[in-house]
file run-v3.csv (CSV, C-alpha atoms and all ligand atoms)
chain,number,residue,atom,x,y,z
A,1429,MET,CA,-27.1,-46.1,-168.8
A,1430,SER,CA,-24.9,-48.9,-168.0
A,1431,GLY,CA,-23.0,-49.0,-164.7
A,1432,ALA,CA,-19.8,-48.3,-166.6
A,1433,GLU,CA,-21.3,-45.3,-168.3
A,1434,VAL,CA,-22.5,-43.9,-165.0
A,1435,ALA,CA,-19.1,-44.3,-163.5
A,1436,MET,CA,-17.6,-42.5,-166.6
A,1437,VAL,CA,-20.0,-39.6,-166.3
A,1438,ALA,CA,-19.3,-39.4,-162.6
A,1439,ALA,CA,-15.6,-39.5,-163.1
A,1440,THR,CA,-15.9,-36.8,-165.8
A,1441,GLY,CA,-17.9,-34.7,-163.5
A,1442,VAL,CA,-15.4,-35.0,-160.8
A,1443,ILE,CA,-12.6,-34.1,-163.2
A,1444,VAL,CA,-14.5,-31.1,-164.4
A,1445,LEU,CA,-15.1,-30.0,-160.8
A,1446,LEU,CA,-11.5,-30.6,-159.9
A,1447,SER,CA,-10.4,-28.6,-163.0
A,1448,VAL,CA,-12.7,-25.7,-162.2
A,1449,ALA,CA,-11.5,-25.7,-158.6
A,1450,TRP,CA,-7.9,-25.8,-159.8
A,1451,VAL,CA,-8.5,-23.0,-162.3
A,1452,LEU,CA,-10.2,-21.0,-159.6
A,1453,ARG,CA,-7.3,-21.6,-157.2
A,1454,THR,CA,-4.7,-20.8,-159.8
A,1455,ARG,CA,-6.5,-17.7,-160.7
A,1456,ARG,CA,-6.7,-16.7,-157.1
A,1457,ALA,CA,-3.0,-17.5,-156.6
A,1458,ALA,CA,-2.3,-15.5,-159.8
A,1459,SER,CA,-4.2,-12.5,-158.6
A,1460,ALA,CA,-2.5,-12.7,-155.2
A,1461,GLN,CA,0.8,-12.8,-157.0
A,1462,VAL,CA,-0.2,-9.8,-159.1
A,1463,ALA,CA,-1.2,-7.9,-155.9
A,1464,ARG,CA,2.1,-8.9,-154.4
A,1465,LEU,CA,3.9,-7.7,-157.5
A,1466,GLU,CA,2.0,-4.5,-157.4
A,1467,ARG,CA,2.9,-4.0,-153.8
A,1468,ALA,CA,6.5,-4.7,-154.5
A,1469,VAL,CA,6.5,-2.2,-157.4
A,1470,ASP,CA,4.8,0.4,-155.2
A,1471,GLU,CA,7.3,-0.1,-152.5
A,1472,ALA,CA,10.2,0.1,-154.9
A,1473,ALA,CA,8.8,3.4,-156.3
A,1474,GLY,CA,8.4,4.7,-152.7
A,1475,ARG,CA,12.0,3.7,-151.9
A,1476,ARG,CA,13.1,5.4,-155.1
A,1477,ALA,CA,11.3,8.6,-154.3
A,1478,ALA,CA,12.7,8.5,-150.7
A,1479,ALA,CA,16.2,7.8,-152.1
A,1480,SER,CA,15.9,10.7,-154.5
A,1481,VAL,CA,14.9,13.0,-151.6
A,1482,VAL,CA,17.9,11.8,-149.7
A,1483,ILE,CA,20.1,12.5,-152.7
A,1484,GLN,CA,18.6,15.9,-153.1
A,1485,ARG,CA,19.2,16.7,-149.5
A,1486,LEU,CA,22.8,15.5,-149.6
A,1487,GLY,CA,23.4,17.5,-152.8
A,1488,ALA,CA,22.0,20.6,-151.1
A,1489,ALA,CA,24.1,20.0,-148.0
A,1490,LEU,CA,27.2,19.7,-150.1
A,1491,GLU,CA,26.3,23.0,-151.8
A,1492,ALA,CA,25.9,24.6,-148.4
A,1493,ILE,CA,29.4,23.7,-147.4
A,1494,PRO,CA,31.6,26.9,-148.0
A,1495,HIS,CA,34.5,24.8,-149.4
A,1496,GLY,CA,35.0,22.8,-152.6
A,1497,VAL,CA,33.9,19.2,-152.2
A,1498,VAL,CA,34.7,16.5,-154.7
A,1499,LEU,CA,33.4,12.9,-154.6
A,1500,CYS,CA,34.9,10.1,-156.6
A,1501,ASP,CA,34.2,6.4,-157.0
A,1502,GLU,CA,36.5,3.5,-156.3
A,1503,GLN,CA,38.2,4.0,-159.6
A,1504,ALA,CA,39.1,7.6,-158.6
A,1505,ASP,CA,36.7,9.0,-161.2
A,1506,ILE,CA,34.9,12.1,-160.1
A,1507,ILE,CA,31.2,11.5,-159.6
A,1508,HIS,CA,30.1,14.7,-158.0
A,1509,ARG,CA,31.5,18.1,-157.1
A,1510,ASN,CA,29.8,21.1,-155.5
A,1511,ARG,CA,29.8,24.6,-157.1
A,1512,HIS,CA,32.7,25.8,-154.8
A,1513,ALA,CA,34.9,23.0,-156.3
A,1514,GLU,CA,34.1,24.1,-159.9
A,1515,PRO,CA,36.7,26.9,-160.2
A,1516,PHE,CA,39.4,24.4,-159.2
A,1517,VAL,CA,38.4,21.4,-161.3
A,1518,ALA,CA,36.2,22.7,-164.2
A,1519,ALA,CA,38.0,21.3,-167.2
A,1520,ARG,CA,38.6,24.6,-169.0
A,1521,HIS,CA,39.2,27.0,-166.2
A,1522,GLY,CA,40.7,24.5,-163.7
A,1523,ASP,CA,44.1,25.1,-162.3
A,1524,VAL,CA,46.6,22.5,-163.5
A,1525,LEU,CA,48.3,22.3,-160.1
A,1526,VAL,CA,45.1,21.9,-158.3
A,1527,GLU,CA,43.9,19.2,-160.7
A,1528,ARG,CA,47.2,17.3,-160.4
A,1529,ALA,CA,47.1,17.4,-156.6
A,1530,LEU,CA,43.4,16.4,-156.6
A,1531,VAL,CA,44.0,13.3,-158.8
A,1532,GLU,CA,47.0,12.3,-156.6
A,1533,LEU,CA,45.0,12.6,-153.4
A,1534,MET,CA,42.0,10.8,-154.8
A,1535,HIS,CA,44.1,7.8,-155.9
A,1536,THR,CA,45.8,7.6,-152.5
A,1537,ALA,CA,42.4,7.9,-150.7
A,1538,VAL,CA,40.7,5.2,-152.7
A,1539,ALA,CA,43.6,3.0,-151.8
A,1540,GLY,CA,42.6,3.6,-148.2
A,1541,GLU,CA,44.9,6.4,-147.1
A,1542,ALA,CA,43.8,9.8,-146.0
A,1543,GLY,CA,46.0,12.8,-147.1
A,1544,VAL,CA,46.4,16.5,-146.8
A,1545,GLN,CA,48.2,18.9,-149.2
A,1546,GLN,CA,48.8,22.6,-149.1
A,1547,LEU,CA,49.1,24.5,-152.4
A,1548,ASP,CA,50.4,28.0,-153.0
A,1549,LEU,CA,49.0,29.4,-156.3
A,1550,TYR,CA,50.8,32.4,-157.6
A,1551,GLY,CA,47.7,33.6,-159.4
A,1552,PRO,CA,46.8,36.3,-159.9
A,1553,PRO,CA,45.2,36.5,-157.4
A,1554,ARG,CA,47.7,34.8,-155.2
A,1555,ARG,CA,46.0,32.1,-153.1
A,1556,THR,CA,46.7,29.3,-150.6
A,1557,LEU,CA,44.6,26.2,-150.7
A,1558,THR,CA,44.5,23.2,-148.4
A,1559,MET,CA,43.1,19.9,-149.8
A,1560,SER,CA,42.2,17.0,-147.6
A,1561,ALA,CA,41.2,13.6,-148.8
A,1562,SER,CA,39.4,10.9,-146.9
A,1563,PRO,CA,38.6,7.3,-148.1
A,1564,ILE,CA,35.0,6.1,-148.1
A,1565,ASP,CA,34.3,2.4,-147.6
A,1566,ASP,CA,31.3,0.1,-146.9
A,1567,GLY,CA,33.0,-1.6,-144.0
A,1568,GLU,CA,34.9,-4.1,-146.2
A,1569,ARG,CA,36.1,-2.4,-149.4
A,1570,SER,CA,36.7,1.1,-150.8
A,1571,ILE,CA,33.7,2.6,-152.5
A,1572,GLY,CA,35.3,6.0,-153.3
A,1573,ALA,CA,36.8,9.1,-151.6
A,1574,VAL,CA,35.9,12.7,-150.7
A,1575,VAL,CA,38.3,15.6,-151.1
A,1576,VAL,CA,37.6,19.0,-149.4
A,1577,ILE,CA,39.3,22.0,-150.9
A,1578,GLU,CA,39.6,25.1,-148.7
A,1579,ASP,CA,40.8,28.5,-149.7
A,1580,VAL,CA,42.8,29.6,-146.6
A,1581,SER,CA,44.3,32.8,-148.2
A,1582,GLU,CA,42.3,35.2,-146.0
A,1583,LYS,CA,43.0,33.2,-142.9
A,1584,ARG,CA,46.7,33.2,-143.7
A,1585,ARG,CA,46.7,36.9,-144.4
A,1586,LEU,CA,45.0,37.7,-141.1
A,1587,GLU,CA,47.5,35.4,-139.2
A,1588,ALA,CA,50.3,37.4,-140.8
A,1589,VAL,CA,48.7,40.7,-139.9
A,1590,ARG,CA,48.3,39.6,-136.3
A,1591,ARG,CA,51.9,38.3,-136.2
A,1592,ASP,CA,53.1,41.6,-137.6
A,1593,PHE,CA,51.0,43.6,-135.2
A,1594,VAL,CA,52.3,41.7,-132.1
A,1595,ALA,CA,55.9,42.1,-133.4
A,1596,ASN,CA,55.3,45.8,-134.0
A,1597,ILE,CA,53.8,46.4,-130.5
A,1598,SER,CA,56.7,44.6,-128.9
A,1599,HIS,CA,59.2,46.7,-130.9
A,1600,GLU,CA,57.4,49.9,-130.2
A,1601,LEU,CA,57.2,49.2,-126.4
A,1602,LYS,CA,60.7,47.8,-126.2
A,1603,THR,CA,62.4,51.1,-127.2
A,1604,PRO,CA,60.9,53.4,-124.4
A,1605,VAL,CA,60.9,50.6,-121.8
A,1606,GLY,CA,64.6,49.9,-122.6
A,1607,ALA,CA,65.3,53.6,-122.3
A,1608,LEU,CA,63.5,53.7,-119.0
A,1609,GLY,CA,65.6,50.9,-117.7
A,1610,LEU,CA,68.8,52.6,-118.7
A,1611,LEU,CA,67.8,56.0,-117.4
A,1612,ALA,CA,66.8,54.5,-114.0
A,1613,GLU,CA,70.2,52.7,-113.8
A,1614,THR,CA,72.1,55.9,-114.5
A,1615,LEU,CA,69.9,57.9,-112.2
A,1616,ALA,CA,70.6,55.5,-109.3
A,1617,ASP,CA,74.4,56.3,-109.5
A,1618,GLU,CA,74.0,60.0,-110.2
A,1619,GLU,CA,75.0,62.4,-107.5
A,1620,ASP,CA,74.8,65.7,-109.5
A,1621,GLN,CA,71.4,67.1,-108.8
A,1622,ALA,CA,71.1,68.9,-112.2
A,1623,VAL,CA,71.9,65.8,-114.2
A,1624,ALA,CA,69.6,63.7,-112.0
A,1625,ARG,CA,66.7,66.1,-112.7
A,1626,ARG,CA,67.4,65.9,-116.5
A,1627,LEU,CA,67.4,62.1,-116.3
A,1628,ALA,CA,64.1,62.1,-114.4
A,1629,GLU,CA,62.6,64.4,-117.0
A,1630,ARG,CA,63.7,62.0,-119.8
A,1631,MET,CA,62.2,59.2,-117.8
A,1632,GLN,CA,58.9,61.1,-117.6
A,1633,LEU,CA,59.0,61.6,-121.4
A,1634,GLU,CA,59.5,57.9,-122.0
A,1635,ALA,CA,56.8,56.9,-119.6
A,1636,THR,CA,54.4,59.3,-121.3
A,1637,ARG,CA,55.3,57.6,-124.6
A,1638,VAL,CA,54.6,54.2,-123.3
A,1639,GLY,CA,51.3,55.5,-121.9
A,1640,ARG,CA,50.4,57.0,-125.2
A,1641,ILE,CA,51.0,53.8,-127.1
A,1642,ILE,CA,48.9,51.9,-124.6
A,1643,ASP,CA,46.1,54.4,-124.8
A,1644,ASP,CA,46.1,54.3,-128.6
A,1645,LEU,CA,46.2,50.5,-128.6
A,1646,LEU,CA,43.2,50.4,-126.3
A,1647,ASP,CA,41.4,53.0,-128.4
A,1648,LEU,CA,42.1,51.0,-131.6
A,1649,SER,CA,41.0,47.7,-130.1
A,1650,ARG,CA,37.8,49.2,-128.7
A,1651,ILE,CA,37.0,50.8,-132.1
A,1652,GLU,CA,37.8,47.6,-133.9
A,1653,SER,CA,35.6,45.6,-131.7
A,1654,GLU,CA,32.7,48.0,-132.1
A,1655,GLU,CA,32.3,47.2,-135.8
A,1656,ALA,CA,28.7,48.4,-135.9
A,1657,PRO,CA,28.6,51.3,-133.4
A,1658,ILE,CA,25.4,52.5,-131.9
A,1659,ARG,CA,24.2,55.3,-134.3
A,1660,GLU,CA,22.6,58.3,-132.9
A,1661,PRO,CA,22.4,61.9,-134.0
A,1662,VAL,CA,25.6,63.7,-132.9
A,1663,PRO,CA,25.8,67.5,-133.4
A,1664,VAL,CA,28.8,68.4,-135.5
A,1665,HIS,CA,29.6,71.5,-133.5
A,1666,ARG,CA,29.9,69.3,-130.4
A,1667,VAL,CA,32.3,66.8,-132.1
A,1668,LEU,CA,34.5,69.8,-133.3
A,1669,ALA,CA,34.4,71.5,-129.8
A,1670,GLU,CA,35.4,68.3,-128.0
A,1671,ALA,CA,38.2,67.4,-130.4
A,1672,VAL,CA,39.6,70.9,-130.4
A,1673,GLU,CA,39.5,71.1,-126.7
A,1674,ARG,CA,41.6,68.0,-126.4
A,1675,VAL,CA,44.3,69.2,-128.8
A,1676,ARG,CA,44.3,72.9,-127.6
A,1677,PRO,CA,47.0,72.5,-124.9
A,1678,THR,CA,49.5,71.0,-127.4
A,1679,ALA,CA,48.6,73.6,-130.1
A,1680,GLU,CA,49.0,76.5,-127.6
A,1681,LEU,CA,52.4,75.3,-126.4
A,1682,ARG,CA,53.6,75.7,-130.0
A,1683,GLY,CA,51.7,78.9,-130.8
A,1684,ILE,CA,49.5,77.1,-133.4
A,1685,THR,CA,46.1,78.6,-134.1
A,1686,ILE,CA,43.2,76.3,-134.8
A,1687,GLU,CA,40.5,77.9,-137.0
A,1688,VAL,CA,37.1,76.4,-136.4
A,1689,PRO,CA,34.1,77.5,-138.4
A,1690,GLU,CA,30.8,78.0,-136.7
A,1691,PRO,CA,28.9,75.1,-138.1
A,1692,SER,CA,25.2,75.2,-138.3
A,1693,ARG,CA,23.9,74.0,-134.9
A,1694,ARG,CA,21.5,71.8,-136.8
A,1695,LEU,CA,24.2,70.0,-138.7
A,1696,ALA,CA,24.5,66.5,-137.3
A,1697,LEU,CA,26.3,63.2,-137.9
A,1698,ASN,CA,24.8,59.8,-137.5
A,1699,GLY,CA,27.2,57.8,-135.3
A,1700,GLU,CA,29.0,57.1,-132.1
A,1701,ARG,CA,30.2,60.3,-130.5
A,1702,ARG,CA,33.3,58.9,-128.8
A,1703,GLN,CA,34.5,57.4,-132.0
A,1704,LEU,CA,33.8,60.5,-134.0
A,1705,VAL,CA,35.6,62.8,-131.5
A,1706,SER,CA,38.6,60.3,-131.4
A,1707,ALA,CA,38.9,60.4,-135.3
A,1708,LEU,CA,38.8,64.1,-135.5
A,1709,TYR,CA,41.1,64.6,-132.6
A,1710,ASN,CA,43.7,62.3,-134.3
A,1711,LEU,CA,43.6,64.3,-137.5
A,1712,LEU,CA,43.9,67.6,-135.5
A,1713,GLU,CA,46.8,66.2,-133.4
A,1714,ASN,CA,48.7,65.2,-136.6
A,1715,ALA,CA,48.0,68.6,-138.2
A,1716,VAL,CA,49.5,70.3,-135.2
A,1717,LYS,CA,52.4,67.8,-134.8
A,1718,TYR,CA,53.5,68.1,-138.4
A,1719,SER,CA,53.2,71.9,-138.6
A,1720,ASP,CA,55.8,74.5,-137.7
A,1721,ASP,CA,55.4,76.6,-134.6
A,1722,GLY,CA,53.0,79.5,-135.0
A,1723,ALA,CA,51.2,77.9,-138.0
A,1724,THR,CA,47.5,77.7,-138.6
A,1725,VAL,CA,45.3,74.6,-138.8
A,1726,GLU,CA,41.9,75.0,-140.4
A,1727,ILE,CA,38.8,72.8,-140.0
A,1728,SER,CA,35.8,73.0,-142.4
A,1729,SER,CA,32.5,71.2,-142.6
A,1730,ALA,CA,30.1,70.7,-145.5
A,1731,THR,CA,27.1,68.5,-146.2
A,1732,ASP,CA,25.0,67.5,-149.2
A,1733,GLY,CA,22.2,66.2,-147.0
A,1734,SER,CA,23.3,62.6,-147.0
A,1735,TRP,CA,26.9,63.0,-146.0
A,1736,VAL,CA,28.9,65.3,-143.8
A,1737,GLU,CA,32.5,66.1,-144.8
A,1738,LEU,CA,34.9,67.3,-142.1
A,1739,ALA,CA,38.2,68.5,-143.4
A,1740,VAL,CA,41.4,69.3,-141.4
A,1741,ARG,CA,43.9,71.3,-143.3
A,1742,ASP,CA,47.5,72.2,-142.3
A,1743,HIS,CA,50.4,74.0,-143.9
A,1744,GLY,CA,53.0,71.7,-142.5
A,1745,ILE,CA,55.6,69.3,-143.9
A,1746,GLY,CA,53.2,67.4,-146.1
A,1747,ILE,CA,53.5,63.7,-147.1
A,1748,PRO,CA,55.5,62.3,-150.0
A,1749,ALA,CA,53.2,60.8,-152.7
A,1750,ARG,CA,54.8,57.4,-152.4
A,1751,ASP,CA,53.7,57.1,-148.7
A,1752,LEU,CA,50.1,58.3,-149.1
A,1753,GLU,CA,48.8,54.8,-149.7
A,1754,ARG,CA,50.4,53.4,-146.6
A,1755,ILE,CA,50.0,56.1,-143.9
A,1756,PHE,CA,46.7,54.5,-142.7
A,1757,GLU,CA,48.4,51.2,-141.8
A,1758,ARG,CA,49.0,50.5,-138.2
A,1759,PHE,CA,52.5,51.7,-137.1
A,1760,TYR,CA,53.4,53.1,-140.5
A,1761,ARG,CA,55.3,56.3,-140.3
A,1762,VAL,CA,56.9,58.4,-143.1
A,1763,ASP,CA,59.9,59.4,-141.1
A,1764,ARG,CA,60.4,57.2,-138.1
A,1765,ALA,CA,62.9,59.4,-136.4
A,1766,ARG,CA,60.8,62.5,-136.8
A,1767,ALA,CA,57.6,60.8,-135.7
A,1768,ARG,CA,59.4,59.6,-132.6
A,1769,ASP,CA,60.5,63.1,-131.8
A,1770,THR,CA,56.9,64.3,-132.1
A,1771,GLY,CA,55.7,61.5,-129.8
A,1772,GLY,CA,53.8,59.7,-132.6
A,1773,THR,CA,52.7,56.1,-132.1
A,1774,GLY,CA,51.8,55.3,-135.7
A,1775,LEU,CA,48.3,54.3,-134.7
A,1776,GLY,CA,46.4,57.6,-135.1
A,1777,LEU,CA,45.4,57.3,-138.8
A,1778,ALA,CA,44.6,53.6,-138.3
A,1779,ILE,CA,42.1,54.7,-135.7
A,1780,VAL,CA,40.7,57.4,-138.1
A,1781,ARG,CA,40.3,54.9,-140.9
A,1782,HIS,CA,38.5,52.4,-138.6
A,1783,VAL,CA,36.1,55.0,-137.3
A,1784,ALA,CA,35.3,56.0,-140.9
A,1785,SER,CA,34.7,52.5,-142.1
A,1786,ASN,CA,32.7,51.5,-138.9
A,1787,HIS,CA,30.3,54.3,-139.9
A,1788,GLY,CA,30.1,53.4,-143.5
A,1789,GLY,CA,32.2,56.4,-144.5
A,1790,ASP,CA,35.8,57.0,-145.6
A,1791,VAL,CA,38.8,59.2,-145.2
A,1792,ARG,CA,40.8,60.8,-148.0
A,1793,VAL,CA,44.1,62.7,-148.0
A,1794,ASP,CA,45.4,65.3,-150.3
A,1795,SER,CA,49.0,66.3,-149.5
A,1796,HIS,CA,52.1,67.9,-151.0
A,1797,GLU,CA,55.5,67.8,-149.5
A,1798,GLY,CA,56.5,71.1,-148.0
A,1799,GLU,CA,53.0,72.6,-148.6
A,1800,GLY,CA,50.7,70.8,-146.2
A,1801,SER,CA,48.0,68.2,-146.0
A,1802,THR,CA,44.2,68.1,-146.0
A,1803,PHE,CA,42.5,65.0,-144.5
A,1804,THR,CA,38.7,64.7,-145.2
A,1805,LEU,CA,36.4,62.5,-143.2
A,1806,ARG,CA,33.2,61.6,-145.0
A,1807,LEU,CA,30.5,60.4,-142.6
A,1808,PRO,CA,26.8,59.8,-142.8
A,1809,ALA,CA,24.7,62.8,-142.0
A,1810,GLY,CA,22.3,62.7,-139.1
A,1811,PRO,CA,18.6,63.5,-139.4
A,1812,GLY,CA,17.9,66.6,-141.5
A,1813,PRO,CA,17.4,70.1,-140.2
A,1814,VAL,CA,15.5,68.9,-137.2
A,1815,ALA,CA,16.5,69.6,-133.6
A,1816,VAL,CA,19.4,67.4,-132.6
A,1817,ARG,CA,20.0,66.2,-129.1
A,1818,GLU,CA,22.4,68.7,-127.5
A,1819,ALA,CA,23.0,66.8,-124.3
A,1820,GLY,CA,25.3,63.9,-123.8
B,1,LIG,P1,51.8,59.1,-135.8
B,1,LIG,O1,51.4,58.8,-134.4
B,1,LIG,O2,53.2,58.7,-136.1
B,1,LIG,O3,51.5,60.5,-136.2
B,1,LIG,P2,49.6,58.3,-137.6
B,1,LIG,O4,49.0,57.0,-137.9
B,1,LIG,O5,48.7,59.4,-137.0
B,1,LIG,O6,50.9,58.1,-136.7
B,1,LIG,O7,50.3,58.9,-138.9
B,1,LIG,C1,51.1,58.1,-139.7
B,1,LIG,C2,52.2,58.9,-140.4
B,1,LIG,O8,51.6,59.7,-141.4
B,1,LIG,C3,52.9,59.8,-139.5
B,1,LIG,O9,54.0,59.2,-138.9
B,1,LIG,C4,53.3,60.9,-140.5
B,1,LIG,O10,54.5,60.5,-141.1
B,1,LIG,C5,52.2,60.9,-141.5
B,1,LIG,N1,51.3,62.0,-141.3
B,1,LIG,C6,50.0,61.9,-140.7
B,1,LIG,N2,49.4,63.1,-140.7
B,1,LIG,C7,50.2,64.0,-141.2
B,1,LIG,C8,50.2,65.4,-141.5
B,1,LIG,N3,49.1,66.1,-141.2
B,1,LIG,N4,51.2,66.0,-142.1
B,1,LIG,C9,52.3,65.3,-142.4
B,1,LIG,N5,52.5,63.9,-142.2
B,1,LIG,C10,51.4,63.3,-141.6
call {"tool": "encode", "arguments": {"input": "run-v3.csv", "output": "structure tokens"}}
result
Amino acid sequence: MSGAEVAMVAATGVIVLLSVAWVLRTRRAASAQVARLERAVDEAAGRRAAASVVIQRLGAALEAIPHGVVLCDEQADIIHRNRHAEPFVAARHGDVLVERALVELMHTAVAGEAGVQQLDLYGPPRRTLTMSASPIDDGERSIGAVVVIEDVSEKRRLEAVRRDFVANISHELKTPVGALGLLAETLADEEDQAVARRLAERMQLEATRVGRIIDDLLDLSRIESEEAPIREPVPVHRVLAEAVERVRPTAELRGITIEVPEPSRRLALNGERRQLVSALYNLLENAVKYSDDGATVEISSATDGSWVELAVRDHGIGIPARDLERIFERFYRVDRARARDTGGTGLGLAIVRHVASNHGGDVRVDSHEGEGSTFTLRLPAGPGPVAVREAG
């Protein structure tokens, strides 16, 4: 082999070696790149899975919010709404007024301005909604908005009830307190002993009325705050005896007889004794108040094993049919003037209804004007025919 040939072979060898080395390096580089790619794909998949968990969590959180929530993009197109928002914005059942307000609020919010709107829907059912919109941005530009829709009807109704209640109390107290002031003023200048005594007696009456209203209010507020009273077996005969005992002096003054059956000593109610006595006492007090002198008031009790019914029947003035629905409202009275004469506060039946509902029972009335009324309290029966606790 000539020197030139040897040089050629050597050069070829070098080239082959270099090529092999290059191929090997390229291959290694390629497989490293593939590995990098695989890692990147894995990471992306991991990020996607994590993102989908976040989305799931956010979706569940939006569902847990007890108001309607609507999310829109920067074009004010809705991209998500929770189920509470559906009745307001679902295409077919949505309310036109709500949708119009929603679109308006979303457009204002994506332009960067928060907004609140209150809507009165005349229904039925009649409802009041508040809608509040807030812009969402990424620090530089708007990326959408969120609107929260809240049904505030119940809140508004309770506010109105509370306002009425306070106004009613002020009115009810103002009358006797005003009378007391006037009577005291007259009394201060009165020299005639007989007139002074009469004025003092009137003052006593008015003071009793104020006291009674305050007592009833305290009773009512106590009963209202004890929504789930402690339940224990309470013998029916004890409830009857205590309630009758409380009303007896008034009944005797007017010659009214209260006929009490001798209920089985084993018959028991499941409830809070003080509340049960208070409810029955209020029914008895009314029966006496709205009966003529010398009349009779009857109490009866019955049970089907699960419930005990206590009925108070009178033969008094009765209640007009049109008032029957409203007499359980606080301060509602059929005949204001007459109720005032009888010393009524308008709170008795509200107390009765509260006691019944606190115990999971109810109260019904059957009444005819000029013939009389029967009020029936239905309450959960205590433990069956087992010995009930007599003490207490
Ligand atoms: P009041 O203290 O005025 O009696 P209640 O809440 O106990 O208030 O009763 C509400 C109204 O229902 C009374 O003002 C009265 O007009 C009517 N009422 C209640 N019970 C009787 C009854 N047994 N007979 C006739 N009217 C009744």
call {"tool": "closest_atom_pairs", "arguments": {"input": "run-v3.csv", "of": "chain A", "to": "ligand LIG 1 (chain B)", "cutoff": "8 Å", "atoms": "all atoms listed in the file", "output": "CSV"}}
result
residue,atom,partner,partner_atom,distance
A:Asn1710,CA,B:LIG1,O5,6.4
A:Leu1711,CA,B:LIG1,N2,6.7
A:Leu1712,CA,B:LIG1,N3,7.9
A:Glu1713,CA,B:LIG1,O3,7.9
A:Asn1714,CA,B:LIG1,N2,4.7
A:Ala1715,CA,B:LIG1,N3,4.1
A:Val1716,CA,B:LIG1,N3,7.3
A:Lys1717,CA,B:LIG1,N3,7.4
A:Tyr1718,CA,B:LIG1,N4,4.8
A:Ser1719,CA,B:LIG1,N4,7.1
A:Arg1741,CA,B:LIG1,N3,7.6
A:Asp1742,CA,B:LIG1,N3,6.4
A:Gly1744,CA,B:LIG1,N4,6.0
A:Ile1745,CA,B:LIG1,C9,5.4
A:Gly1746,CA,B:LIG1,C9,4.3
A:Ile1747,CA,B:LIG1,N5,5.0
A:Leu1752,CA,B:LIG1,O8,8.0
A:Ile1755,CA,B:LIG1,O8,4.7
A:Phe1756,CA,B:LIG1,O4,5.9
A:Glu1757,CA,B:LIG1,O4,7.0
A:Arg1758,CA,B:LIG1,O4,6.5
A:Phe1759,CA,B:LIG1,O4,6.4
A:Tyr1760,CA,B:LIG1,C1,5.6
A:Arg1761,CA,B:LIG1,O9,3.5
A:Val1762,CA,B:LIG1,O10,3.8
A:Asp1763,CA,B:LIG1,O10,5.5
A:Arg1764,CA,B:LIG1,O9,6.8
A:Arg1766,CA,B:LIG1,O9,7.8
A:Ala1767,CA,B:LIG1,O2,4.9
A:Arg1768,CA,B:LIG1,O2,7.2
A:Thr1770,CA,B:LIG1,O3,7.8
A:Gly1771,CA,B:LIG1,O1,6.9
A:Gly1772,CA,B:LIG1,O1,3.1
A:Thr1773,CA,B:LIG1,O1,3.8
A:Gly1774,CA,B:LIG1,O6,3.1
A:Leu1775,CA,B:LIG1,O4,4.2
A:Gly1776,CA,B:LIG1,O5,3.5
A:Leu1777,CA,B:LIG1,O4,3.7
A:Ala1778,CA,B:LIG1,O4,5.6
A:Ile1779,CA,B:LIG1,O4,7.6
A:Ser1795,CA,B:LIG1,N4,7.7
A:Gly1800,CA,B:LIG1,N4,6.3
A:Ser1801,CA,B:LIG1,N3,5.4
A:Thr1802,CA,B:LIG1,N3,7.1
A:Phe1803,CA,B:LIG1,N3,7.5
call {"tool": "axis_aligned_box", "arguments": {"input": "run-v3.csv", "around": "segment 1711-1724 of chain A", "padding_each_side": "6 Å", "output": "lines of an AutoDock Vina configuration file"}}
result
center_x = 49.7
center_y = 71.9
center_z = -136.0
size_x = 24.2
size_y = 27.2
size_z = 17.2
call {"tool": "closest_residue", "arguments": {"input": "run-v3.csv", "among": "A:Ala1463, A:Ser1706, A:Leu1533, A:Ala1542", "to": "Asp1643 of chain A", "atoms": "only C-alpha atoms"}}
result
A:Ser1706
call {"tool": "residues_near_point", "arguments": {"input": "run-v3.csv", "point": "(33.1, 19.9, -150.8)", "cutoff": "7 Å", "atoms": "all atoms listed in the file", "output": "VMD selection string"}}
result
chain A and resid 1490 1493 1495 to 1498 1509 to 1510 1513 1575 to 1577
call {"tool": "closest_residue", "arguments": {"input": "run-v3.csv", "among": "A:Asp1505, A:Asp1579, A:Asp1732, A:Glu1660", "to": "Val1531 of chain A", "atoms": "all atoms listed in the file"}}
result
A:Asp1505
call {"tool": "atom_distance", "arguments": {"input": "run-v3.csv", "atom1": "atom CA of His1796 of chain A", "atom2": "atom CA of Ile1684 of chain A"}}
result
20.0 Å
call {"tool": "closest_residue", "arguments": {"input": "run-v3.csv", "among": "A:Met1436, A:Ala1595, A:Val1538, A:Ala1628", "to": "Cys1500 of chain A", "atoms": "only C-alpha atoms"}}
result
A:Val1538
call {"tool": "residues_around", "arguments": {"input": "run-v3.csv", "residues": "Glu1687 of chain A", "least_positions_apart": "2", "cutoff": "8 Å", "atoms": "all atoms listed in the file", "output": "PyMOL selection string"}}
result
chain A and resi 1685+1689+1724-1727
call {"tool": "closest_atom_pairs", "arguments": {"input": "run-v3.csv", "of": "segment 1431-1532 of chain A", "to": "segment 1544-1561 of chain A", "cutoff": "9 Å", "atoms": "only C-alpha atoms", "output": "JSON lines"}}
result
{"residue": "A:Asp1523", "atom": "CA", "partner": "A:Leu1549", "partner_atom": "CA", "distance": 8.9}
{"residue": "A:Leu1525", "atom": "CA", "partner": "A:Leu1547", "partner_atom": "CA", "distance": 8.0}
{"residue": "A:Val1526", "atom": "CA", "partner": "A:Leu1547", "partner_atom": "CA", "distance": 7.6}
{"residue": "A:Ala1529", "atom": "CA", "partner": "A:Gln1545", "partner_atom": "CA", "distance": 7.6}
{"residue": "A:Leu1530", "atom": "CA", "partner": "A:Met1559", "partner_atom": "CA", "distance": 7.7}
